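Student: This one is target-v4.cif, mmCIF, C-alpha atoms and all ligand atoms.
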```cif
data_query
#
loop_
_atom_site.label_atom_id
_atom_site.label_comp_id
_atom_site.auth_asym_id
_atom_site.auth_seq_id
_atom_site.Cartn_x
_atom_site.Cartn_y
_atom_site.Cartn_z
CA MET O 1 64.07 82.27 243.64
CA SER O 2 65.25 85.52 242.14
CA ASP O 3 61.69 86.24 240.98
CA ARG O 4 60.94 87.06 244.64
CA PRO O 5 63.27 90.02 245.19
CA PHE O 6 62.44 90.69 248.85
CA ILE O 7 63.57 88.62 251.80
CA PRO O 8 60.49 86.50 252.59
CA ARG O 9 58.38 87.68 255.50
CA ASP O 10 59.09 85.57 258.60
CA ARG O 11 55.54 84.64 259.55
CA ASP O 12 56.74 83.11 262.84
CA TRP O 13 58.13 86.49 263.89
CA HIS O 14 54.94 88.41 263.14
CA PRO O 15 51.79 87.62 265.11
CA PRO O 16 49.85 84.75 263.47
CA SER O 17 46.48 85.61 261.94
CA LEU O 18 44.65 83.49 264.49
CA HIS O 19 45.30 84.18 268.18
CA PRO O 20 42.10 83.22 270.07
CA PRO O 21 42.93 85.23 273.25
CA TYR O 22 42.51 88.27 270.96
CA ARG O 23 38.87 87.46 270.24
CA SER O 24 38.46 89.55 267.09
CA THR O 25 40.91 87.27 265.26
CA VAL O 26 38.62 84.23 265.60
CA LYS O 27 36.22 85.21 262.81
CA ARG O 28 38.66 87.35 260.87
CA ALA O 29 41.78 85.20 260.51
CA PRO O 30 42.05 83.51 257.11
CA ALA O 31 42.52 79.74 257.43
CA ALA O 32 45.05 79.50 254.60
CA ARG O 33 48.60 80.76 254.94
CA PRO O 34 49.33 83.49 252.41
CA LEU O 35 50.31 82.11 249.02
CA ALA O 36 53.88 83.05 248.06
CA ILE O 37 54.02 84.53 244.56
CA ALA O 38 56.42 86.56 242.49
CA PRO O 39 55.37 90.22 242.54
CA GLY O 40 53.77 91.71 239.46
CA ARG O 41 55.54 94.72 238.01
CA ALA O 42 53.22 97.10 239.87
CA GLU O 43 53.93 95.33 243.17
CA LEU O 44 57.67 95.98 242.78
CA SER O 45 56.98 99.67 243.20
CA GLY O 46 54.67 101.56 245.51
CA PRO O 47 53.11 104.95 245.99
CA VAL O 48 55.56 107.85 246.16
CA PHE O 49 54.94 110.69 248.59
CA ALA O 50 56.73 114.03 248.46
CA ALA O 51 57.64 115.94 251.61
CA GLU O 52 56.39 119.16 249.98
CA THR O 53 52.84 117.81 249.99
CA LEU O 54 52.79 117.74 253.80
CA HIS O 55 51.90 120.67 256.04
CA PRO O 56 54.78 121.97 258.24
CA LEU O 57 52.84 121.02 261.41
CA ASP O 58 51.81 117.55 260.23
CA HIS O 59 54.49 115.90 262.42
CA ASP O 60 53.52 117.94 265.50
CA LEU O 61 50.49 116.47 267.30
CA ILE O 62 50.95 118.99 270.11
CA ALA O 63 50.10 121.79 267.70
CA ASN O 64 48.49 120.44 264.52
CA TYR O 65 44.89 119.96 265.64
CA ALA O 66 44.72 123.20 267.63
CA ALA O 67 46.18 125.08 264.66
CA ALA O 68 43.71 123.51 262.20
CA LEU O 69 40.75 124.52 264.38
CA GLY O 70 42.11 127.84 265.61
CA VAL O 71 42.07 126.63 269.24
CA GLU O 72 44.29 128.57 271.68
CA ALA O 73 44.70 125.76 274.26
CA LYS O 74 47.49 123.16 274.28
CA PRO O 75 46.84 119.45 274.81
CA ILE O 76 47.00 117.95 278.31
CA GLY O 77 49.64 115.28 278.93
CA GLU O 78 53.33 114.40 278.99
CA ARG O 79 55.05 116.15 276.12
CA LEU O 80 57.14 113.77 274.04
CA ILE O 81 59.45 113.60 271.07
CA VAL O 82 59.18 110.22 269.32
CA HIS O 83 61.98 109.74 266.84
CA GLY O 84 64.06 107.11 265.12
CA ARG O 85 65.21 105.75 261.81
CA VAL O 86 63.73 103.53 259.15
CA LEU O 87 66.15 100.86 257.93
CA ASP O 88 65.76 97.80 255.75
CA GLU O 89 66.84 94.32 256.83
CA ASN O 90 70.20 94.95 255.16
CA ALA O 91 70.73 97.94 257.50
CA ARG O 92 70.33 100.49 254.70
CA PRO O 93 68.48 103.64 255.79
CA ILE O 94 65.28 104.22 253.79
CA PRO O 95 64.70 107.85 252.83
CA ASP O 96 61.33 109.22 251.66
CA CYS O 97 59.21 106.85 253.75
CA LEU O 98 55.78 108.17 254.64
CA ILE O 99 55.05 107.51 258.34
CA GLU O 100 51.56 108.19 259.66
CA ILE O 101 50.65 107.86 263.33
CA TRP O 102 47.45 107.92 265.36
CA GLN O 103 46.82 107.61 269.07
CA ALA O 104 44.51 108.23 272.02
CA ASN O 105 44.82 111.39 274.12
CA ALA O 106 46.39 111.48 277.60
CA GLY O 107 43.19 110.06 279.10
CA GLY O 108 43.08 107.11 276.70
CA ARG O 109 40.26 108.49 274.52
CA TYR O 110 40.38 108.50 270.71
CA ARG O 111 38.91 111.32 268.67
CA HIS O 112 36.82 108.89 266.63
CA VAL O 113 33.05 108.71 266.09
CA ASN O 114 33.08 105.08 267.28
CA ASP O 115 34.99 105.61 270.55
CA SER O 116 32.66 106.16 273.50
CA TYR O 117 35.11 105.63 276.40
CA LEU O 118 34.10 107.81 279.35
CA ALA O 119 37.43 109.67 279.47
CA PRO O 120 36.94 113.10 277.88
CA LEU O 121 38.15 114.36 274.54
CA ASP O 122 40.87 116.99 274.69
CA PRO O 123 39.74 120.09 272.79
CA ALA O 124 43.34 120.76 271.71
CA PHE O 125 44.25 117.24 270.58
CA GLY O 126 43.34 115.46 267.34
CA GLY O 127 45.64 112.45 267.59
CA CYS O 128 47.09 112.04 264.12
CA GLY O 129 50.29 113.10 262.42
CA ARG O 130 52.55 112.25 259.52
CA CYS O 131 56.05 112.87 258.24
CA ILE O 132 58.52 111.66 255.61
CA THR O 133 61.98 110.29 256.45
CA ASP O 134 65.01 112.36 255.49
CA GLY O 135 68.03 111.23 253.46
CA GLN O 136 69.32 109.16 256.41
CA GLY O 137 65.96 107.52 257.07
CA ARG O 138 65.33 109.70 260.14
CA TYR O 139 61.94 110.84 261.36
CA ALA O 140 60.58 112.71 264.40
CA PHE O 141 57.16 113.53 265.83
CA ARG O 142 56.11 115.76 268.71
CA THR O 143 53.15 114.48 270.67
CA ILE O 144 51.77 113.80 274.14
CA LYS O 145 51.95 110.40 275.80
CA PRO O 146 48.74 108.44 275.10
CA GLY O 147 46.88 106.95 278.07
CA PRO O 148 46.03 103.26 278.49
CA TYR O 149 42.39 102.43 277.80
CA PRO O 150 39.96 99.57 278.49
CA TRP O 151 38.43 97.53 275.67
CA PRO O 152 35.98 94.66 275.39
CA ASN O 153 37.55 91.29 274.55
CA GLY O 154 35.03 88.96 276.10
CA ASP O 155 36.00 90.47 279.43
CA ASN O 156 37.50 93.87 280.02
CA GLU O 157 41.15 94.23 278.97
CA TRP O 158 43.49 97.23 279.10
CA ARG O 159 45.70 98.31 276.24
CA PRO O 160 49.16 99.49 277.24
CA ALA O 161 49.91 103.06 276.17
CA HIS O 162 50.63 102.86 272.46
CA ILE O 163 50.97 104.80 269.24
CA HIS O 164 49.78 103.24 265.98
CA LEU O 165 52.17 103.61 263.03
CA SER O 166 51.71 103.10 259.30
CA ILE O 167 54.89 102.99 257.21
CA PHE O 168 55.48 102.89 253.45
CA GLY O 169 58.81 101.79 252.05
CA HIS O 170 59.47 101.98 248.33
CA ALA O 171 57.61 98.82 247.30
CA LEU O 172 54.23 97.39 248.20
CA SER O 173 56.02 94.38 249.73
CA GLN O 174 57.52 96.66 252.41
CA ARG O 175 54.18 98.01 253.67
CA LEU O 176 53.84 97.79 257.44
CA VAL O 177 51.32 98.83 260.09
CA THR O 178 52.24 98.32 263.73
CA GLN O 179 52.12 99.79 267.24
CA LEU O 180 54.77 101.34 269.45
CA TYR O 181 54.81 100.73 273.23
CA PHE O 182 56.72 102.54 275.97
CA GLU O 183 59.62 101.14 277.98
CA GLY O 184 58.63 100.06 281.48
CA ASP O 185 54.85 99.79 280.96
CA PRO O 186 53.55 96.83 283.05
CA LEU O 187 50.47 96.54 280.82
CA ILE O 188 52.56 95.37 277.83
CA ALA O 189 52.95 91.88 279.28
CA LEU O 190 49.19 91.61 279.94
CA CYS O 191 47.96 92.60 276.49
CA PRO O 192 46.46 89.86 274.27
CA ILE O 193 47.24 91.88 271.13
CA VAL O 194 50.92 92.14 272.09
CA ASN O 195 50.96 88.51 273.24
CA ALA O 196 49.90 87.33 269.80
CA ILE O 197 53.59 87.85 268.97
CA PRO O 198 55.27 84.52 269.75
CA ASP O 199 58.84 85.70 270.37
CA GLN O 200 59.74 88.02 273.28
CA ALA O 201 62.58 89.48 271.19
CA ALA O 202 60.00 90.59 268.63
CA VAL O 203 57.89 92.19 271.38
CA ASP O 204 60.98 94.04 272.62
CA GLN O 205 61.41 95.46 269.14
CA LEU O 206 58.05 97.26 269.56
CA VAL O 207 59.10 98.97 272.81
CA ALA O 208 60.37 102.52 272.36
CA ARG O 209 63.35 103.37 274.57
CA LEU O 210 63.65 106.47 276.73
CA ASP O 211 66.30 108.65 275.06
CA MET O 212 67.46 111.35 277.49
CA ALA O 213 70.04 112.68 275.00
CA LYS O 214 67.28 113.73 272.60
CA GLN O 215 65.02 115.46 275.14
CA ALA O 216 64.01 119.08 274.56
CA PRO O 217 65.08 120.67 277.91
CA PHE O 218 62.20 122.24 279.84
CA ASP O 219 59.87 121.07 277.05
CA ALA O 220 59.62 117.36 276.15
CA LEU O 221 61.03 113.92 276.99
CA ALA O 222 62.20 111.76 274.07
CA TYR O 223 61.63 108.13 273.11
CA ARG O 224 63.46 106.39 270.30
CA PHE O 225 61.78 103.87 268.02
CA ASP O 226 63.71 102.44 265.08
CA ILE O 227 61.77 100.68 262.36
CA VAL O 228 62.91 97.85 260.07
CA LEU O 229 61.19 97.16 256.75
CA ARG O 230 61.80 94.19 254.48
CA GLY O 231 65.02 94.29 252.49
CA ARG O 232 65.94 92.93 249.11
CA ARG O 233 67.74 89.62 248.92
CA GLN O 234 71.46 90.38 248.71
CA THR O 235 72.03 88.09 245.74
CA TYR O 236 69.28 89.81 243.85
CA PHE O 237 70.69 93.18 244.83
CA GLU O 238 74.15 92.28 243.59
CA ASN O 239 73.07 90.56 240.41
CA LYS O 240 70.42 92.90 239.12
CA ARG O 241 69.85 96.60 239.10
CA GLU O 242 67.01 98.03 241.15
CA GLY O 243 63.74 97.29 239.43
CA GLY O 244 65.58 95.19 236.83
CA MET Z 245 75.57 101.24 262.93
CA ILE Z 246 72.98 101.53 265.72
CA GLU Z 247 74.11 103.96 268.44
CA GLY Z 248 72.21 105.02 271.52
CA PRO Z 249 69.24 103.34 273.19
CA SER Z 250 67.73 101.55 270.19
CA ASN Z 251 64.89 99.07 270.34
CA LEU Z 252 66.68 96.99 267.67
CA ALA Z 253 68.88 93.95 268.24
CA SER Z 254 72.14 93.59 266.32
CA THR Z 255 70.58 91.25 263.76
CA LEU Z 256 67.92 93.25 262.00
CA LYS Z 257 64.50 91.63 261.73
CA GLU Z 258 61.46 93.24 260.18
CA THR Z 259 59.45 95.23 262.73
CA PRO Z 260 56.56 92.97 263.81
CA SER Z 261 53.09 93.93 262.63
CA GLN Z 262 50.23 94.78 264.96
CA THR Z 263 46.58 95.24 264.10
CA ALA Z 264 45.51 98.62 262.75
CA GLY Z 265 42.60 98.42 265.21
CA PRO Z 266 39.14 99.95 264.95
CA TYR Z 267 40.34 103.56 265.06
CA VAL Z 268 42.63 103.32 262.02
CA HIS Z 269 40.62 106.10 260.35
CA ILE Z 270 42.04 108.76 262.67
CA GLY Z 271 45.46 108.21 261.18
CA LEU Z 272 44.73 107.22 257.60
CA THR Z 273 41.36 108.81 256.72
CA PRO Z 274 40.81 111.45 259.44
CA THR Z 275 37.64 112.90 257.95
CA VAL Z 276 35.98 109.45 258.14
CA ALA Z 277 36.76 109.39 261.88
CA ASP Z 278 35.27 112.90 262.04
CA VAL Z 279 38.62 114.46 262.92
CA ALA Z 280 38.37 117.92 261.40
CA MET Z 281 41.83 118.17 259.92
CA ARG Z 282 43.47 117.63 256.54
CA VAL Z 283 40.05 117.79 254.92
CA ALA Z 284 41.66 118.74 251.61
CA ASP Z 285 45.00 116.96 252.08
CA ALA Z 286 44.35 113.31 251.35
CA LEU Z 287 47.36 111.75 249.63
CA ASP Z 288 45.33 109.57 247.26
CA VAL Z 289 46.14 109.65 243.53
CA LEU Z 290 43.47 107.57 241.78
CA ASN Z 291 42.82 109.60 238.67
CA GLY Z 292 45.12 108.52 235.85
CA ALA Z 293 45.24 107.71 232.19
CA GLY Z 294 42.66 105.21 231.00
CA GLU Z 295 39.01 104.35 231.14
CA ARG Z 296 37.18 105.31 234.34
CA MET Z 297 36.27 102.43 236.65
CA ASN Z 298 34.55 101.96 239.99
CA LEU Z 299 35.63 99.03 242.12
CA GLU Z 300 33.43 98.27 245.10
CA GLY Z 301 32.70 95.50 247.54
CA VAL Z 302 32.39 94.35 251.13
CA VAL Z 303 34.85 92.50 253.37
CA TYR Z 304 33.03 89.66 255.16
CA ASP Z 305 34.10 87.82 258.32
CA GLY Z 306 33.73 84.08 258.94
CA ALA Z 307 30.14 84.54 260.19
CA GLY Z 308 29.17 86.38 257.00
CA ALA Z 309 29.02 89.74 258.76
CA PRO Z 310 30.42 92.80 256.98
CA VAL Z 311 33.69 94.09 258.43
CA THR Z 312 32.54 97.67 258.95
CA ASP Z 313 35.85 98.90 260.39
CA ALA Z 314 37.98 97.67 257.44
CA LEU Z 315 40.27 100.06 255.64
CA LEU Z 316 41.56 99.17 252.17
CA GLU Z 317 44.39 100.48 250.04
CA MET Z 318 44.53 100.04 246.28
CA TYR Z 319 47.63 100.21 244.11
CA GLN Z 320 48.03 99.84 240.35
CA LEU Z 321 49.72 101.34 237.31
CA ASP Z 322 47.61 103.33 234.89
CA ALA Z 323 47.66 103.06 231.09
CA ASP Z 324 50.79 105.27 230.99
CA GLY Z 325 52.57 103.26 233.70
CA ALA Z 326 52.04 105.94 236.35
CA PRO Z 327 51.34 104.68 239.88
CA LEU Z 328 47.84 105.13 241.25
CA TRP Z 329 47.18 104.64 244.93
CA GLY Z 330 44.31 105.37 247.26
CA ARG Z 331 42.36 104.43 250.35
CA ALA Z 332 38.75 103.51 250.97
CA ALA Z 333 37.14 103.02 254.37
CA ALA Z 334 34.31 100.51 254.63
CA ASP Z 335 30.99 102.18 255.40
CA PHE Z 336 30.37 102.00 259.17
CA GLU Z 337 26.85 100.60 258.60
CA THR Z 338 27.05 98.48 255.44
CA GLY Z 339 30.75 97.70 255.08
CA LEU Z 340 30.74 98.86 251.47
CA PHE Z 341 34.06 100.20 250.15
CA ARG Z 342 34.45 101.97 246.81
CA PHE Z 343 37.41 103.10 244.71
CA GLN Z 344 36.82 105.51 241.86
CA THR Z 345 39.82 104.96 239.63
CA VAL Z 346 40.79 103.86 236.11
CA ARG Z 347 41.25 100.45 234.55
CA PRO Z 348 44.73 99.12 235.40
CA ALA Z 349 47.44 98.45 232.84
CA ASP Z 350 47.84 94.96 234.35
CA PRO Z 351 44.93 92.51 234.53
CA PHE Z 352 44.51 93.29 238.24
CA VAL Z 353 44.73 95.93 240.96
CA SER Z 354 46.49 95.11 244.25
CA LEU Z 355 44.50 95.53 247.47
CA LEU Z 356 45.72 95.65 251.06
CA ILE Z 357 43.21 95.11 253.89
CA PHE Z 358 43.56 96.44 257.42
CA ALA Z 359 41.07 95.90 260.29
CA ARG Z 360 40.59 95.15 263.97
CA GLY Z 361 41.39 91.47 264.50
CA VAL Z 362 43.70 91.40 261.47
CA ASN Z 363 47.14 91.06 263.05
CA ILE Z 364 49.03 91.56 259.82
CA HIS Z 365 47.53 93.22 256.77
CA LEU Z 366 46.21 91.05 253.96
CA HIS Z 367 47.35 91.44 250.37
CA THR Z 368 45.13 90.30 247.53
CA ARG Z 369 44.44 91.08 243.87
CA ALA Z 370 41.19 92.02 242.20
CA TYR Z 371 41.41 90.73 238.61
CA LEU Z 372 39.19 92.21 235.94
CA GLN Z 373 37.72 89.75 233.48
CA THR Z 374 39.81 90.01 230.30
CA ASP Z 375 41.47 87.69 227.79
CA ALA Z 376 44.74 88.21 229.66
CA LEU Z 377 43.61 86.04 232.58
CA GLU Z 378 44.45 82.72 230.88
CA ALA Z 379 48.09 83.74 230.60
CA ASP Z 380 48.40 85.16 234.12
CA PRO Z 381 51.19 83.27 235.94
CA VAL Z 382 49.38 83.33 239.29
CA LEU Z 383 45.85 82.46 238.15
CA SER Z 384 46.99 79.74 235.79
CA GLN Z 385 48.37 77.73 238.76
CA MET Z 386 44.97 77.61 240.42
CA SER Z 387 41.81 75.57 240.19
CA GLU Z 388 38.76 77.33 238.71
CA ASP Z 389 37.21 77.33 242.16
CA ARG Z 390 40.13 79.05 243.85
CA ARG Z 391 40.74 81.61 241.14
CA SER Z 392 37.10 82.73 241.22
CA THR Z 393 37.79 84.38 244.62
CA LEU Z 394 40.14 86.78 242.82
CA ILE Z 395 37.93 87.89 239.94
CA ALA Z 396 35.84 91.05 240.20
CA GLN Z 397 32.34 90.75 238.78
CA PRO Z 398 31.06 93.36 236.34
CA VAL Z 399 28.00 95.23 237.64
CA ASP Z 400 27.71 97.44 234.60
CA ALA Z 401 30.07 98.79 231.97
CA ASN Z 402 32.55 100.53 234.29
CA ARG Z 403 31.59 99.17 237.65
CA PHE Z 404 33.02 96.04 239.25
CA ARG Z 405 32.14 94.22 242.45
CA PHE Z 406 34.89 92.55 244.47
CA ASP Z 407 33.82 90.99 247.78
CA ILE Z 408 36.50 89.72 250.13
CA HIS Z 409 35.86 86.74 252.40
CA LEU Z 410 38.25 86.41 255.33
CA GLN Z 411 37.15 82.82 256.07
CA GLY Z 412 34.87 80.04 254.92
CA PRO Z 413 34.30 78.16 251.66
CA LYS Z 414 34.73 81.36 249.63
CA GLU Z 415 37.87 82.46 251.52
CA THR Z 416 39.74 84.93 249.34
CA ILE Z 417 43.29 84.02 248.38
CA PHE Z 418 45.81 86.26 250.11
CA PHE Z 419 49.39 86.57 248.96
CA ASP Z 420 52.90 86.82 250.31
CA VAL Z 421 54.50 89.00 247.66
FE FE A 501 44.80 101.78 269.84
#
```
Represent the supplied structure as structure tokens.
Tutor:
Amino acid sequence: MSDRPFIPRDRDWHPPSLHPPYRSTVKRAPAARPLAIAPGRAELSGPVFAAETLHPLDHDLIANYAAALGVEAKPIGERLIVHGRVLDENARPIPDCLIEIWQANAGGRYRHVNDSYLAPLDPAFGGCGRCITDGQGRYAFRTIKPGPYPWPNGDNEWRPAHIHLSIFGHALSQRLVTQLYFEGDPLIALCPIVNAIPDQAAVDQLVARLDMAKQAPFDALAYRFDIVLRGRRQTYFENKREGG
Amino acid sequence: MIEGPSNLASTLKETPSQTAGPYVHIGLTPTVADVAMRVADALDVLNGAGERMNLEGVVYDGAGAPVTDALLEMYQLDADGAPLWGRAAADFETGLFRFQTVRPADPFVSLLIFARGVNIHLHTRAYLQTDALEADPVLSQMSEDRRSTLIAQPVDANRFRFDIHLQGPKETIFFDV
């Protein structure tokens, strides 16, 4: 089906819409499986974001909120570099991807009007950042390690420490929102949101690895998290020009 | 290809999705979360060539309750073929979302929906009622009943209502594109 240029999404690899142990899915999961269609011409492209439109501190969650508010203090918590590459399923690096992240502070509290967790806000930490991948698909953020936090899911559950990520490829079909976890966290295996993913190998793909070679000495530890977006079918790629 | 301590296996699979969660606004619309940064730096480009149009609606769950934490993204080409893209957060009280944009060059705009309890984002299309609908390759495969979930209703001249139902008899059709 060359009218569907991207490798079809493997819906058994992603979490299914309905996963009753994650209670919010029960009334929000569509009953029908998504209907496979050929993309319209608009859906073959996607929004384009230019690195020049971003602020130089946008990728630096250690500094960006304090700088925006003119706060002298630095955020509390383990200082981290989170970096990696964005590739497609054909192992081609994807340049010019917009990556946006958001996270709780070191105590597990989000700076959000709807979060009332008793852990305090950090006056020097906002919790969001963004960057655009370079010519080799590379990206890097500076941040602090988010804390685990409790949440209501019938009973009380605890989220493992995580960073939310939103990634744009070059077409709407490549859009992805996900979460990054940290190697060695015992809460990963207990989380009903993580456990919606059927395959342990897929869960492992969401676990950032400690990367001592990329640390900033006397400053920050590093974790590596590589991201894979959907790729074009090879036959399509060989037979037709991009966008053809 | 992959050197160092990567989280990827040798056969590359798409990174699995996870829910955007209820605090999605911090990352994607910080001012809605009341995070005082990037107040003037939203990345949205919704103003293009063509007739002005408002597209608004509510995402409903299976119990008929508005999904007040939903975040939507809209994408289309304008009359000159330029891409228009933007975000709208559902109102925290009413669930109403609104895009102020222009009429698309195609018969529809594409919408992506993110929310707590939505493990992988949903992709749908809001079609505007025009003569072009009869010839649309997707709509023409569907029964009248099914296709009605994809058609925005005119409220007045340049205002359209497009409600999204995640479940139930009026469940919106979502696509794998
Ligand atoms: Fe979270």
Student: When the cut-off is 6 Å and we count all atoms listed in the file, which residues of chain O are near chain Z, given as a VMD selection string?
Tutor: chain O and resid 14 17 24 to 25 27 to 28 30 34 to 37 39 42 89 101 to 102 112 to 113 128 173 177 to 179 205 227 to 230
Student: For ligand FE 501 (chain A), return the neighbouring residues as an NGL selection string (distance at most 7 Å; all atoms listed in the file).
Tutor: (:O and (103-104 or 162-164)) or (:Z and (265 or 267))
Student: Output C-alpha atoms of each residue in that selection to a file, as a short mmCIF file (atom, residue, chain, number, x, y, z; two decimals), in the frame of the given file.
Tutor:
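Everything below was put into part_17.cif:
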```
data_model
loop_
_atom_site.label_atom_id
_atom_site.label_comp_id
_atom_site.auth_asym_id
_atom_site.auth_seq_id
_atom_site.Cartn_x
_atom_site.Cartn_y
_atom_site.Cartn_z
CA GLN O 103 46.82 107.61 269.07
CA ALA O 104 44.51 108.23 272.02
CA HIS O 162 50.63 102.86 272.46
CA ILE O 163 50.97 104.80 269.24
CA HIS O 164 49.78 103.24 265.98
CA GLY Z 265 42.60 98.42 265.21
CA TYR Z 267 40.34 103.56 265.06
#
```
Student: Please provide the set of residues having any atom within 9 Å of Pro351 of chain Z, restricted to all atoms listed in the file, with same-chain residues fewer than 2 positions apart removed, written as a list in words.
Tutor: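 Listing them by chain and then by number gives Arg347, Pro348, Ala349, Val353, Ala370, Tyr371, Leu372, Gln373, Thr374, Asp375, Ala376, Leu377 and Asp380 of chain Z.
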Student: Kindly export the residues of the current selection with C-alpha atoms, as a PDB file, keeping the file's coordinate frame.
Tutor:
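And here's again_29.pdb as it stands now:
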```pdb
ATOM      1  CA  ARG Z 347      41.250 100.450 234.550  1.00  0.00           C
ATOM      2  CA  PRO Z 348      44.730  99.120 235.400  1.00  0.00           C
ATOM      3  CA  ALA Z 349      47.440  98.450 232.840  1.00  0.00           C
ATOM      4  CA  VAL Z 353      44.730  95.930 240.960  1.00  0.00           C
ATOM      5  CA  ALA Z 370      41.190  92.020 242.200  1.00  0.00           C
ATOM      6  CA  TYR Z 371      41.410  90.730 238.610  1.00  0.00           C
ATOM      7  CA  LEU Z 372      39.190  92.210 235.940  1.00  0.00           C
ATOM      8  CA  GLN Z 373      37.720  89.750 233.480  1.00  0.00           C
ATOM      9  CA  THR Z 374      39.810  90.010 230.300  1.00  0.00           C
ATOM     10  CA  ASP Z 375      41.470  87.690 227.790  1.00  0.00           C
ATOM     11  CA  ALA Z 376      44.740  88.210 229.660  1.00  0.00           C
ATOM     12  CA  LEU Z 377      43.610  86.040 232.580  1.00  0.00           C
ATOM     13  CA  ASP Z 380      48.400  85.160 234.120  1.00  0.00           C
TER      14      ASP Z 380
END
```
Student: To one decimal place, how far is atom CA of Leu315 of chain Z from atom CA of Ala334 of chain Z in Å?
Tutor: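 According to the coordinates, atom CA of Leu315 of chain Z and atom CA of Ala334 of chain Z are separated by 6.1 Å.
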Student: Near Glu300 of chain Z, within 8 Å and counting only C-alpha atoms, which residues show up once chain neighbours fewer than 2 positions away are dropped, as a tab-separated table (two decimals) with C-alpha atoms, in the frame of the given file?
Tutor:
```
chain	number	residue	atom	x	y	z
Z	298	ASN	CA	34.55	101.96	239.99
Z	302	VAL	CA	32.39	94.35	251.13
Z	340	LEU	CA	30.74	98.86	251.47
Z	341	PHE	CA	34.06	100.20	250.15
Z	342	ARG	CA	34.45	101.97	246.81
Z	343	PHE	CA	37.41	103.10	244.71
Z	403	ARG	CA	31.59	99.17	237.65
Z	404	PHE	CA	33.02	96.04	239.25
Z	405	ARG	CA	32.14	94.22	242.45
Z	406	PHE	CA	34.89	92.55	244.47
Z	407	ASP	CA	33.82	90.99	247.78
```
Student: Box time for segment 100-118 of chain O: axis-aligned, enclosing all its listed atoms, 3 Å extra on each side; report centre and edge lengths in Å to one decimal, as JSON.
Tutor:
```
{"center_x": 42.1, "center_y": 108.3, "center_z": 269.5, "size_x": 24.9, "size_y": 12.4, "size_z": 25.7}
```
Student: What's the separation between atom CA of Gly184 of chain O and atom CA of Asp204 of chain O, in Å to one decimal place?
Tutor: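 Computing it gives 11.0 Å between the two atoms.
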Student: Find, counting all atoms listed in the file, the residue in O:Ala106, O:Asp12, O:Tyr22, O:Gly126 that gets nearest to Asp155 of chain O.
Tutor: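 The answer is O:Tyr22, which sits nearest to Asp155 of chain O.
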Student: Separation of atom CA of Arg85 of chain O and atom CA of Lys214 of chain O, in Å?
Tutor: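 Computed distance, atom CA of Arg85 of chain O to atom CA of Lys214 of chain O, equals 13.6 Å.
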Student: Taking (45.3, 108.3, 273.2) in the coordinates of the supplied file, I want to know which residues reach to within 9 Å of it, counting only C-alpha atoms; could you give the answer as a PyMOL selection string?
Tutor: chain O and resi 102-111+127+144-149+161-163
